[in-house]
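Asker: This is run06.tsv, which holds TSV, C-alpha atoms and all ligand atoms:
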chain	number	residue	atom	x	y	z
T	1	MET	CA	70.44	124.04	91.23
T	2	ALA	CA	72.72	122.98	94.07
T	3	ALA	CA	75.42	120.39	93.35
T	4	ASN	CA	74.38	116.81	93.82
T	5	ALA	CA	75.84	116.18	97.28
T	6	SER	CA	75.65	112.42	96.82
T	7	LEU	CA	78.37	112.64	94.16
T	8	LEU	CA	80.77	113.84	96.83
T	9	LYS	CA	80.03	110.97	99.16
T	10	PRO	CA	82.27	107.92	99.15
T	11	VAL	CA	80.89	104.72	97.73
T	12	PRO	CA	79.80	102.96	100.92
T	13	TYR	CA	80.38	99.31	101.53
T	14	SER	CA	77.34	97.46	100.42
T	15	SER	CA	75.02	96.76	103.32
T	16	THR	CA	74.30	93.36	101.80
T	17	ALA	CA	77.92	92.37	101.06
T	18	THR	CA	79.12	89.51	103.20
T	19	GLY	CA	82.77	89.11	102.14
T	20	PRO	CA	85.47	89.40	104.81
T	21	PHE	CA	86.40	92.95	103.79
T	22	ALA	CA	82.82	94.22	103.92
T	23	LEU	CA	82.18	92.54	107.26
T	24	ALA	CA	85.34	94.06	108.75
T	25	ALA	CA	84.47	97.49	107.37
T	26	LYS	CA	81.02	97.27	108.93
T	27	SER	CA	82.31	96.15	112.30
T	28	LEU	CA	85.05	98.83	112.38
T	29	ALA	CA	82.83	101.78	111.45
T	30	GLY	CA	82.40	104.01	114.49
T	31	ASN	CA	84.91	102.07	116.62
T	32	ASP	CA	87.85	103.41	118.61
T	33	LEU	CA	91.46	102.33	118.07
T	34	CYS	CA	93.01	102.48	121.54
T	35	SER	CA	94.98	99.24	121.22
T	36	ILE	CA	95.89	96.79	118.49
T	37	ALA	CA	94.03	94.27	120.65
T	38	ASP	CA	90.81	96.17	119.78
T	39	LEU	CA	91.10	94.58	116.31
T	40	SER	CA	90.20	91.07	115.22
T	41	ALA	CA	92.35	89.14	112.75
T	42	GLY	CA	89.77	89.86	110.03
T	43	GLU	CA	89.70	93.57	110.83
T	44	ILE	CA	93.49	93.98	110.77
T	45	ALA	CA	93.68	92.09	107.47
T	46	ALA	CA	91.01	94.35	105.97
T	47	LEU	CA	92.71	97.50	107.29
T	48	LEU	CA	96.01	96.49	105.70
T	49	LYS	CA	94.29	95.54	102.45
T	50	LEU	CA	92.71	98.98	102.32
T	51	ALA	CA	96.04	100.64	103.19
T	52	HIS	CA	97.71	98.95	100.19
T	53	ALA	CA	94.79	99.92	97.94
T	54	VAL	CA	94.88	103.55	99.09
T	55	LYS	CA	98.63	103.71	98.54
T	56	ALA	CA	98.28	102.28	95.03
T	57	ARG	CA	95.39	104.56	93.95
T	58	PRO	CA	95.22	107.60	96.25
T	59	ARG	CA	93.06	109.61	93.84
T	60	ASP	CA	90.24	107.08	94.14
T	61	TYR	CA	89.84	108.16	97.76
T	62	ARG	CA	90.30	111.89	97.23
T	63	TYR	CA	86.83	112.87	98.47
T	64	ALA	CA	86.06	109.87	100.66
T	65	LEU	CA	86.14	111.94	103.87
T	66	ASP	CA	84.76	115.13	102.38
T	67	ALA	CA	84.22	117.78	105.08
T	68	LYS	CA	85.11	115.37	107.90
T	69	GLN	CA	86.82	117.04	110.83
T	70	LEU	CA	89.53	115.50	113.02
T	71	ILE	CA	90.64	117.07	116.29
T	72	MET	CA	94.09	116.04	117.53
T	73	PHE	CA	95.38	116.60	121.08
T	74	PHE	CA	99.10	115.85	121.57
T	75	GLU	CA	100.72	115.86	125.03
T	76	LYS	CA	104.06	114.78	123.51
T	77	ALA	CA	106.21	115.95	120.60
T	78	SER	CA	105.66	114.47	117.13
T	79	LEU	CA	106.87	114.82	113.56
T	80	ARG	CA	105.58	111.76	111.71
T	81	THR	CA	102.33	111.04	113.52
T	82	ARG	CA	101.04	114.60	113.46
T	83	LEU	CA	101.98	115.27	109.85
T	84	THR	CA	100.80	111.92	108.51
T	85	PHE	CA	97.40	112.31	110.17
T	86	GLU	CA	97.13	115.83	108.78
T	87	THR	CA	98.22	114.88	105.27
T	88	ALA	CA	95.98	111.80	105.39
T	89	ILE	CA	92.77	113.62	106.31
T	90	ASN	CA	93.56	116.60	104.06
T	91	THR	CA	94.06	114.39	101.02
T	92	LEU	CA	90.85	112.48	101.75
T	93	GLY	CA	88.89	115.74	101.60
T	94	GLY	CA	88.67	116.43	105.32
T	95	ASN	CA	90.49	118.67	107.75
T	96	ALA	CA	92.42	118.42	111.03
T	97	ILE	CA	92.76	120.83	113.92
T	98	PHE	CA	95.90	120.31	116.02
T	99	VAL	CA	95.88	121.17	119.71
T	100	ASP	CA	99.30	121.35	121.39
T	101	GLN	CA	98.86	119.86	124.87
T	102	THR	CA	102.57	119.63	125.65
T	103	GLN	CA	102.32	122.40	128.26
T	104	SER	CA	99.22	121.17	130.13
T	105	PRO	CA	98.08	117.55	130.20
T	106	LEU	CA	94.56	116.68	129.10
T	107	GLY	CA	92.17	116.57	132.02
T	108	GLU	CA	93.93	119.35	133.96
T	109	ARG	CA	91.67	122.26	133.00
T	110	GLU	CA	88.47	120.23	132.74
T	111	SER	CA	87.54	116.57	133.01
T	112	LEU	CA	88.20	114.12	130.18
T	113	GLY	CA	84.47	113.38	130.05
T	114	ASP	CA	83.61	117.05	129.56
T	115	ILE	CA	86.30	117.47	126.90
T	116	SER	CA	84.92	114.44	125.05
T	117	ARG	CA	81.32	115.64	125.25
T	118	ASN	CA	82.33	118.99	123.77
T	119	VAL	CA	84.67	117.78	121.06
T	120	GLU	CA	82.27	115.12	119.75
T	121	ARG	CA	79.84	117.93	118.83
T	122	TRP	CA	82.36	119.53	116.46
T	123	SER	CA	84.27	116.61	115.02
T	124	ASP	CA	84.10	113.20	113.39
T	125	GLY	CA	87.13	111.73	115.17
T	126	ILE	CA	89.59	112.45	117.98
T	127	VAL	CA	93.31	111.63	117.75
T	128	LEU	CA	95.25	111.52	121.03
T	129	ARG	CA	98.94	111.34	121.91
T	130	THR	CA	99.26	111.03	125.68
T	131	TYR	CA	101.37	109.88	128.58
T	132	ALA	CA	98.72	107.83	130.42
T	133	HIS	CA	97.01	105.20	128.27
T	134	GLU	CA	93.94	105.64	130.50
T	135	THR	CA	93.51	109.18	129.14
T	136	ILE	CA	92.78	107.57	125.78
T	137	THR	CA	90.52	104.79	127.06
T	138	GLU	CA	88.58	107.23	129.24
T	139	MET	CA	88.01	109.68	126.38
T	140	ALA	CA	86.98	106.75	124.20
T	141	GLN	CA	84.44	105.75	126.82
T	142	TYR	CA	82.80	109.19	126.76
T	143	ALA	CA	83.17	110.34	123.15
T	144	ALA	CA	80.50	109.39	120.64
T	145	VAL	CA	83.02	109.72	117.78
T	146	PRO	CA	85.99	107.36	117.18
T	147	VAL	CA	89.05	107.94	119.38
T	148	ILE	CA	92.42	106.96	117.90
T	149	ASN	CA	95.59	106.30	119.91
T	150	ALA	CA	98.45	108.23	118.30
T	151	LEU	CA	100.85	106.89	120.99
T	152	SER	CA	100.49	106.43	124.72
T	153	ASP	CA	102.94	105.06	127.27
T	154	LEU	CA	101.40	101.62	126.64
T	155	GLU	CA	100.91	101.39	122.86
T	156	HIS	CA	101.49	102.88	119.42
T	157	PRO	CA	98.96	101.04	117.25
T	158	CYS	CA	99.11	103.32	114.18
T	159	GLN	CA	102.87	102.76	114.01
T	160	ALA	CA	102.56	98.99	114.17
T	161	LEU	CA	99.94	98.92	111.40
T	162	ALA	CA	102.22	100.94	109.10
T	163	ASP	CA	105.17	98.70	110.00
T	164	PHE	CA	103.38	95.47	109.15
T	165	MET	CA	102.05	97.07	105.96
T	166	THR	CA	105.71	97.75	105.10
T	167	LEU	CA	106.64	94.14	105.85
T	168	GLU	CA	103.80	92.89	103.65
T	169	GLU	CA	105.16	95.04	100.80
T	170	ARG	CA	108.58	93.42	101.25
T	171	PHE	CA	107.63	89.83	101.94
T	172	GLY	CA	104.10	89.45	100.50
T	173	THR	CA	102.84	87.90	103.70
T	174	VAL	CA	104.08	88.13	107.27
T	175	ARG	CA	102.66	84.77	108.33
T	176	GLY	CA	105.60	82.67	109.54
T	177	LEU	CA	108.06	85.58	109.22
T	178	LYS	CA	110.76	85.78	111.93
T	179	PHE	CA	110.24	89.30	113.29
T	180	VAL	CA	112.74	90.28	116.00
T	181	TYR	CA	112.37	93.31	118.25
T	182	VAL	CA	115.53	94.27	120.15
T	183	GLY	CA	115.66	96.90	122.92
T	184	ASP	CA	113.15	98.45	125.31
T	185	GLY	CA	109.89	96.58	125.91
T	186	ASN	CA	107.95	99.80	125.38
T	187	ASN	CA	104.80	101.12	123.71
T	188	VAL	CA	106.05	100.40	120.18
T	189	CYS	CA	107.19	96.91	121.18
T	190	HIS	CA	103.76	96.20	122.69
T	191	SER	CA	101.82	97.14	119.57
T	192	LEU	CA	104.25	95.22	117.36
T	193	MET	CA	103.86	92.08	119.50
T	194	LEU	CA	100.06	92.25	119.25
T	195	THR	CA	100.13	92.93	115.51
T	196	ALA	CA	102.57	90.09	114.89
T	197	ALA	CA	100.27	87.77	116.85
T	198	LEU	CA	97.15	88.83	114.90
T	199	LEU	CA	98.97	88.26	111.60
T	200	GLY	CA	100.55	84.92	112.57
T	201	ALA	CA	104.22	86.01	112.53
T	202	ASN	CA	106.93	84.45	114.69
T	203	CYS	CA	107.87	87.29	117.01
T	204	VAL	CA	110.99	87.30	119.17
T	205	VAL	CA	111.54	90.09	121.71
T	206	ALA	CA	114.99	90.57	123.26
T	207	THR	CA	115.18	93.12	126.09
T	208	PRO	CA	117.52	93.84	129.00
T	209	LYS	CA	116.47	92.32	132.34
T	210	GLY	CA	113.81	94.50	133.93
T	211	TYR	CA	112.87	96.19	130.63
T	212	GLY	CA	110.69	93.49	129.09
T	213	PRO	CA	107.18	94.03	127.75
T	214	LYS	CA	104.35	94.31	130.26
T	215	ALA	CA	102.80	91.03	131.43
T	216	GLU	CA	99.30	92.15	130.39
T	217	ILE	CA	100.48	92.62	126.77
T	218	VAL	CA	102.32	89.29	126.75
T	219	ALA	CA	99.15	87.61	127.99
T	220	LYS	CA	97.04	89.32	125.30
T	221	ALA	CA	99.50	88.37	122.55
T	222	ASN	CA	99.57	84.75	123.74
T	223	ALA	CA	95.77	84.64	123.86
T	224	ILE	CA	95.62	85.86	120.23
T	225	LEU	CA	98.28	83.33	119.18
T	226	GLY	CA	96.20	80.52	120.68
T	227	ASP	CA	93.59	81.18	117.99
T	228	ILE	CA	95.84	82.08	115.05
T	229	GLY	CA	99.21	80.31	115.16
T	230	GLY	CA	102.60	82.01	114.95
T	231	SER	CA	104.69	82.34	118.11
T	232	LEU	CA	106.04	84.75	120.71
T	233	THR	CA	109.42	84.23	122.38
T	234	LEU	CA	110.83	86.55	125.04
T	235	MET	CA	114.55	86.51	125.86
T	236	GLN	CA	117.45	88.68	126.97
T	237	ASP	CA	120.13	87.51	124.51
T	238	ALA	CA	120.04	89.86	121.51
T	239	GLN	CA	122.62	87.83	119.54
T	240	ALA	CA	120.59	84.63	119.83
T	241	ALA	CA	117.33	86.46	119.14
T	242	VAL	CA	118.35	87.88	115.77
T	243	THR	CA	119.87	84.70	114.36
T	244	GLY	CA	118.11	83.96	111.06
T	245	ALA	CA	115.73	86.92	111.45
T	246	ASP	CA	113.77	88.24	108.46
T	247	ALA	CA	113.33	91.63	110.13
T	248	ILE	CA	115.12	93.34	113.01
T	249	TYR	CA	113.33	96.23	114.68
T	250	THR	CA	114.52	98.59	117.40
T	251	ASP	CA	113.36	101.78	119.08
T	252	VAL	CA	114.97	104.32	121.41
T	253	CYS	CA	116.26	103.03	124.76
T	254	THR	CA	114.49	105.87	126.58
T	255	SER	CA	111.01	106.84	125.48
T	256	MET	CA	109.33	110.21	125.94
T	257	GLY	CA	108.43	110.59	129.60
T	258	PHE	CA	111.33	108.39	130.80
T	259	GLU	CA	114.14	110.88	130.08
T	260	HIS	CA	115.18	110.92	133.76
T	261	GLU	CA	116.23	107.25	133.35
T	262	ALA	CA	118.46	107.86	130.31
T	263	THR	CA	121.81	107.71	132.13
T	264	LYS	CA	120.90	104.55	134.02
T	265	ARG	CA	119.63	102.86	130.87
T	266	ALA	CA	122.50	103.67	128.49
T	267	PRO	CA	124.97	100.96	129.68
T	268	LEU	CA	122.24	98.32	130.09
T	269	PHE	CA	121.11	98.78	126.49
T	270	LYS	CA	124.61	98.70	124.92
T	271	PRO	CA	124.46	94.96	124.06
T	272	TYR	CA	121.17	95.62	122.27
T	273	GLN	CA	122.57	98.16	119.79
T	274	VAL	CA	121.72	97.17	116.22
T	275	ASN	CA	125.05	97.40	114.39
T	276	GLU	CA	126.58	95.62	111.41
T	277	ALA	CA	127.73	92.68	113.56
T	278	LEU	CA	124.19	92.11	114.85
T	279	MET	CA	122.67	92.48	111.36
T	280	ALA	CA	125.17	89.90	110.05
T	281	ARG	CA	123.49	87.24	112.23
T	282	ALA	CA	120.13	87.78	110.50
T	283	ALA	CA	119.10	86.24	107.16
T	284	GLN	CA	120.85	87.80	104.15
T	285	HIS	CA	117.58	89.29	102.94
T	286	ALA	CA	116.76	90.73	106.39
T	287	VAL	CA	115.45	94.28	106.73
T	288	PHE	CA	116.15	96.80	109.47
T	289	MET	CA	113.23	98.74	110.94
T	290	HIS	CA	112.83	101.65	113.36
T	291	CYS	CA	109.77	103.77	114.12
T	292	LEU	CA	111.94	106.97	114.27
T	293	PRO	CA	113.08	109.30	115.64
T	294	ALA	CA	116.35	107.38	116.06
T	295	HIS	CA	119.13	108.24	118.43
T	296	ARG	CA	121.97	107.69	115.97
T	297	ASN	CA	124.80	105.50	117.25
T	298	ALA	CA	122.88	104.71	120.44
T	299	GLU	CA	120.29	101.99	119.73
T	300	VAL	CA	121.35	101.78	116.04
T	301	THR	CA	124.51	102.74	114.18
T	302	ASP	CA	124.59	105.11	111.22
T	303	GLN	CA	125.84	102.25	109.04
T	304	VAL	CA	122.70	100.20	109.68
T	305	LEU	CA	120.22	103.08	109.72
T	306	ASP	CA	121.55	104.45	106.41
T	307	GLY	CA	122.52	101.05	105.00
T	308	PRO	CA	120.92	99.02	102.19
T	309	GLN	CA	118.85	96.85	104.55
T	310	SER	CA	117.17	99.80	106.22
T	311	ILE	CA	113.51	100.39	105.34
T	312	VAL	CA	112.87	103.08	107.93
T	313	PHE	CA	111.70	105.71	105.44
T	314	ASP	CA	109.31	103.26	103.80
T	315	GLN	CA	107.84	102.77	107.27
T	316	ALA	CA	107.58	106.54	107.70
T	317	GLU	CA	105.87	106.91	104.32
T	318	ASN	CA	103.43	104.13	105.11
T	319	ARG	CA	102.31	105.89	108.29
T	320	MET	CA	100.25	108.14	106.00
T	321	HIS	CA	98.74	105.33	103.91
T	322	ALA	CA	97.95	103.15	106.92
T	323	GLN	CA	96.33	106.09	108.73
T	324	LYS	CA	94.21	106.85	105.67
T	325	ALA	CA	92.92	103.29	105.93
T	326	ILE	CA	92.29	103.70	109.68
T	327	LEU	CA	90.36	106.93	109.11
T	328	LEU	CA	88.33	105.50	106.22
T	329	MET	CA	87.40	102.47	108.28
T	330	LEU	CA	86.64	104.11	111.63
T	331	LEU	CA	84.84	107.10	110.12
T	332	GLY	CA	82.69	104.66	108.18
T	333	ALA	CA	83.80	105.58	104.67
T	334	ALA	CA	85.55	102.35	103.77
T	335	VAL	CA	84.78	101.05	100.33
T	336	THR	CA	85.34	97.59	99.03
T	337	PRO	CA	88.49	97.42	96.90
T	338	GLU	CA	86.28	96.14	94.08
T	339	ARG	CA	83.94	99.16	94.26
T	340	ARG	CA	86.33	101.87	95.31
T	341	LYS	CA	86.24	104.08	92.20
T	342	LEU	CA	84.67	107.38	93.08
T	343	PRO	CA	82.88	109.63	90.62
T	344	LYS	CA	84.44	113.02	89.98
T	345	PRO	CA	82.79	115.61	92.19
T	346	ALA	CA	80.19	117.72	90.46
T	347	ARG	CA	81.12	121.38	90.17
T	348	ARG	CA	79.68	123.20	93.14
T	349	ARG	CA	77.38	126.08	92.27
T	350	ALA	CA	76.61	128.93	94.58
T	351	VAL	CA	73.04	128.82	95.81
T	352	ALA	CA	71.44	132.14	94.96
T	353	LEU	CA	70.14	134.05	97.94
T	354	GLN	CA	66.51	135.14	97.67
W	1	LIG	N1	107.23	107.25	114.87
W	1	LIG	C1	106.58	108.31	115.40
W	1	LIG	O1	105.53	108.17	116.01
W	1	LIG	O2	107.18	109.49	115.16
W	1	LIG	P1	106.75	110.88	115.81
W	1	LIG	O3	107.04	110.78	117.30
W	1	LIG	O4	107.61	111.89	115.13
W	1	LIG	O5	105.30	111.10	115.58
W	2	LIG	N1	108.96	104.67	122.16
W	2	LIG	C1	109.07	106.01	121.64
W	2	LIG	C2	108.39	106.08	120.33
W	2	LIG	C3	108.40	107.43	119.67
W	2	LIG	C4	107.70	107.41	118.36
W	2	LIG	C5	108.48	107.00	122.63
W	2	LIG	O1	107.42	106.69	123.20
W	2	LIG	O2	109.07	108.06	122.86
Turn the structure described in the file into structure tokens.

Answerer:
Amino acid sequence: MAANASLLKPVPYSSTATGPFALAAKSLAGNDLCSIADLSAGEIAALLKLAHAVKARPRDYRYALDAKQLIMFFEKASLRTRLTFETAINTLGGNAIFVDQTQSPLGERESLGDISRNVERWSDGIVLRTYAHETITEMAQYAAVPVINALSDLEHPCQALADFMTLEERFGTVRGLKFVYVGDGNNVCHSLMLTAALLGANCVVATPKGYGPKAEIVAKANAILGDIGGSLTLMQDAQAAVTGADAIYTDVCTSMGFEHEATKRAPLFKPYQVNEALMARAAQHAVFMHCLPAHRNAEVTDQVLDGPQSIVFDQAENRMHAQKAILLMLLGAAVTPERRKLPKPARRRAVALQ
């Protein structure tokens, strides 16, 4: 007798459940995650709830994505994102195939539509790290399976979800928290602004003149805030921005793809360095955050990065837990926290050949 395959399947959300978690799980199943703005407030809350649950009881989800296949194309280097997606899917029972696209951008050898229509036949999800954000949105348009943004020039949604999960661990809730981003108004900054807005935090962004966040992201964040509360303040004065902050976040001054601007940027970003003097202006309980990799003693000093207020490695750890939640939700295997216990898999028996 063949093993009962249903024992290996995750407990699905109940089709009749109507609680906020079940509704979010239903609406997220099969979706793409190109931008944080793809998520509703209910969906982001449910994703984070699942991320905390998965972190607390990883074994309950051990077979939730049994035999699911991810295919990951990366045009840029990665340590954390690649390895946390791979460890996430592997420990949920699935598998990932990594395709190094650093030598030839996606779409060069064949069209993005044709790549999508091939890859969807062999996989349950596509993870993309690209230069152009449009590469991700175009593949999402064609692919029948969920497409996940693992960083583009415009956004880094998986990072922001892990970061706000980390803040929830520290502070319980992020509603009303003073979250200050200092530095380049880049992809990470954009996703953080949108996440802060969806979760009702008070977000302050301090950037050098000419390096602020894109107007389209500011408009999206403000539109979200109109419904939810919280606030978004943009300024250039880093000292004023961090005063009384609960969390100070920075990223590199020069992101991947902008290396040719590094020399020009270095002096402009000096006043935005997070050092002990800047940290001293924040609340006593304030935490320091960075997506990593950090350029030590450029945007942040060793003293702050390695100091007692730094939670950068908690953020890095939570990349894996948050991405497990993303995969469970988008691949349709999310379970309600109340019904998440999975049965042990039945021992597989070889099927005798006739
Ligand atoms: N934070 C982050 O995305 O790190 P990697 O570039 O190493 O993936
Ligand atoms: N803003 C950085 C983030 C790296 C994780 C970059 O895009 O290079």

Asker: Separation of CA of Gly94 (chain T) and CA of Leu28 (chain T), in Å?

Answerer: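 These two atoms are separated by 19.3 Å.
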
Asker: Could you list, as JSON, numbers by chain, all protein and nucleic acid residues with an atom at most 9 Å from ligand LIG 2 (chain W), counting all atoms listed in the file?

Answerer: {"T": [76, 77, 78, 79, 80, 81, 131, 151, 152, 153, 154, 155, 156, 159, 184, 185, 186, 187, 188, 189, 251, 252, 253, 254, 255, 256, 257, 258, 291, 292, 293, 294]}

Asker: Which value, in Å to one decimal, gives the distance between CA of Phe179 (chain T) and CA of Ile148 (chain T)?

Answerer: 25.5 Å

Asker: When you look at region 43-46 of chain T with a cut-off of 9 Å (counting all atoms listed in the file), what residues show up, excluding the ones that are within fewer than 2 positions of it in the same chain? I need them as a ChimeraX atom specification.

Answerer: /T:20-25,27-28,36,39-41,48-51,161,195,198-199

Asker: For region 219-222 of chain T, what centre and edge lengths in Å (one decimal) does the axis-aligned box get once 5 Å is added on each side of all its listed atoms, as lines of an AutoDock Vina configuration file?

Answerer:
center_x = 98.3
center_y = 87.0
center_z = 125.3
size_x = 12.5
size_y = 14.6
size_z = 15.4

Asker: Would you list the contacts of His321 (chain T) as a PDB file with C-alpha atoms, keeping the file's coordinate frame, taking every protein, DNA or RNA residue within 12 Å and counting all atoms listed in the file, but skipping same-chain residues closer than 6 positions in sequence?

Answerer:
ATOM      1  CA  LEU T  47      92.710  97.500 107.290  1.00  0.00           C
ATOM      2  CA  LEU T  48      96.010  96.490 105.700  1.00  0.00           C
ATOM      3  CA  LYS T  49      94.290  95.540 102.450  1.00  0.00           C
ATOM      4  CA  LEU T  50      92.710  98.980 102.320  1.00  0.00           C
ATOM      5  CA  ALA T  51      96.040 100.640 103.190  1.00  0.00           C
ATOM      6  CA  HIS T  52      97.710  98.950 100.190  1.00  0.00           C
ATOM      7  CA  ALA T  53      94.790  99.920  97.940  1.00  0.00           C
ATOM      8  CA  VAL T  54      94.880 103.550  99.090  1.00  0.00           C
ATOM      9  CA  LYS T  55      98.630 103.710  98.540  1.00  0.00           C
ATOM     10  CA  ALA T  56      98.280 102.280  95.030  1.00  0.00           C
ATOM     11  CA  ARG T  57      95.390 104.560  93.950  1.00  0.00           C
ATOM     12  CA  PRO T  58      95.220 107.600  96.250  1.00  0.00           C
ATOM     13  CA  TYR T  61      89.840 108.160  97.760  1.00  0.00           C
ATOM     14  CA  THR T  81     102.330 111.040 113.520  1.00  0.00           C
ATOM     15  CA  THR T  84     100.800 111.920 108.510  1.00  0.00           C
ATOM     16  CA  PHE T  85      97.400 112.310 110.170  1.00  0.00           C
ATOM     17  CA  GLU T  86      97.130 115.830 108.780  1.00  0.00           C
ATOM     18  CA  THR T  87      98.220 114.880 105.270  1.00  0.00           C
ATOM     19  CA  ALA T  88      95.980 111.800 105.390  1.00  0.00           C
ATOM     20  CA  ILE T  89      92.770 113.620 106.310  1.00  0.00           C
ATOM     21  CA  THR T  91      94.060 114.390 101.020  1.00  0.00           C
ATOM     22  CA  LEU T  92      90.850 112.480 101.750  1.00  0.00           C
ATOM     23  CA  CYS T 158      99.110 103.320 114.180  1.00  0.00           C
ATOM     24  CA  GLN T 159     102.870 102.760 114.010  1.00  0.00           C
ATOM     25  CA  LEU T 161      99.940  98.920 111.400  1.00  0.00           C
ATOM     26  CA  ALA T 162     102.220 100.940 109.100  1.00  0.00           C
ATOM     27  CA  ASP T 163     105.170  98.700 110.000  1.00  0.00           C
ATOM     28  CA  MET T 165     102.050  97.070 105.960  1.00  0.00           C
ATOM     29  CA  THR T 166     105.710  97.750 105.100  1.00  0.00           C
ATOM     30  CA  ASP T 314     109.310 103.260 103.800  1.00  0.00           C
ATOM     31  CA  GLN T 315     107.840 102.770 107.270  1.00  0.00           C
ATOM     32  CA  LEU T 327      90.360 106.930 109.110  1.00  0.00           C
ATOM     33  CA  LEU T 328      88.330 105.500 106.220  1.00  0.00           C
TER      34      LEU T 328
END

Asker: Applying 9 Å and all atoms listed in the file, which residues near Ala197 (chain T) remain after dropping the ones on its own chain fewer than 3 positions away? List them as a list in words.

Answerer: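 Once the nearby chain positions are removed, what remains is Leu192, Met193, Leu194, Gly200, Ala201, Asn202, Cys203, Ala221, Asn222, Ala223, Ile224, Leu225, Ile228, Gly229, Gly230, Ser231 and Leu232 of chain T.
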
Asker: Please identify all polymer residues within 10 Å of Trp122 (chain T), counting all atoms listed in the file, omitting same-chain residues fewer than 4 positions from it, and present them as a list in words.

Answerer: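 Using all atoms listed in the file, the neighbours found are Lys68, Gln69, Leu70, Ile71, Arg117, Asn118 and Val145 of chain T.
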
Asker: Which one is closest to ligand LIG 1 (chain W): T:Pro157, T:Gly19, T:Pro146, T:Gly107? Count all atoms listed in the file.

Answerer: T:Pro157

Asker: Between T:Ile115, T:Ala150, T:Ala206, T:Leu128, which residue has the minimum interatomic distance to ligand LIG 1 (chain W), considering all atoms listed in the file?

Answerer: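 Of the candidates, the smallest distance to ligand LIG 1 (chain W) is held by T:Ala150.
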
Asker: Can you work out which one of T:Tyr211, T:Phe313, T:Tyr272, T:Tyr142 has the shortest atom-to-atom distance to ligand LIG 1 (chain W), counting all atoms listed in the file?

Answerer: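 Of T:Tyr211, T:Phe313, T:Tyr272, T:Tyr142, the one nearest ligand LIG 1 (chain W), counting all atoms listed in the file, is T:Phe313.
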
Asker: Tell me which of T:Ala96, T:Val180, T:Val204, T:Val274 sits closest to Asp124 (chain T), counting all atoms listed in the file.

Answerer: T:Ala96

Asker: Record the distance separating CA of Val312 (chain T) and CA of Asn95 (chain T), expressed in Å with one decimal.

Answerer: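 Going from CA of Val312 (chain T) over to CA of Asn95 (chain T) covers 27.3 Å.
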
Asker: Considering only C-alpha atoms and all ligand atoms, can you say which of T:Thr130, T:Gln273, T:Thr301, T:Thr135 comes closest to ligand LIG 1 (chain W)?

Answerer: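 Distance minimum relative to ligand LIG 1 (chain W) lands on T:Thr130.
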
Asker: Within 7 Å of (117.1, 90.6, 109.7), in the coordinates the file gives, what residues turn up when you count only C-alpha atoms, written out as a list of chain:residue names?

Answerer: T:Val242, T:Gly244, T:Ala245, T:Asp246, T:Ala247, T:Ile248, T:Met279, T:Ala282, T:Ala283, T:His285, T:Ala286, T:Val287, T:Phe288

Asker: Write out the residues from the selection above, keeping C-alpha atoms, as a compact mmCIF listing (two decimals), in the frame of the given file.

Answerer:
# COMPACT_ATOMS: atom_id res chain seq x y z
CA VAL T 242 118.35 87.88 115.77
CA GLY T 244 118.11 83.96 111.06
CA ALA T 245 115.73 86.92 111.45
CA ASP T 246 113.77 88.24 108.46
CA ALA T 247 113.33 91.63 110.13
CA ILE T 248 115.12 93.34 113.01
CA MET T 279 122.67 92.48 111.36
CA ALA T 282 120.13 87.78 110.50
CA ALA T 283 119.10 86.24 107.16
CA HIS T 285 117.58 89.29 102.94
CA ALA T 286 116.76 90.73 106.39
CA VAL T 287 115.45 94.28 106.73
CA PHE T 288 116.15 96.80 109.47

Asker: Which residue out of T:Ala196, T:Glu138, T:Asp306, T:Met329 has the minimum interatomic distance to Arg175 (chain T) when only C-alpha atoms are used?

Answerer: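 Closest candidate: T:Ala196.
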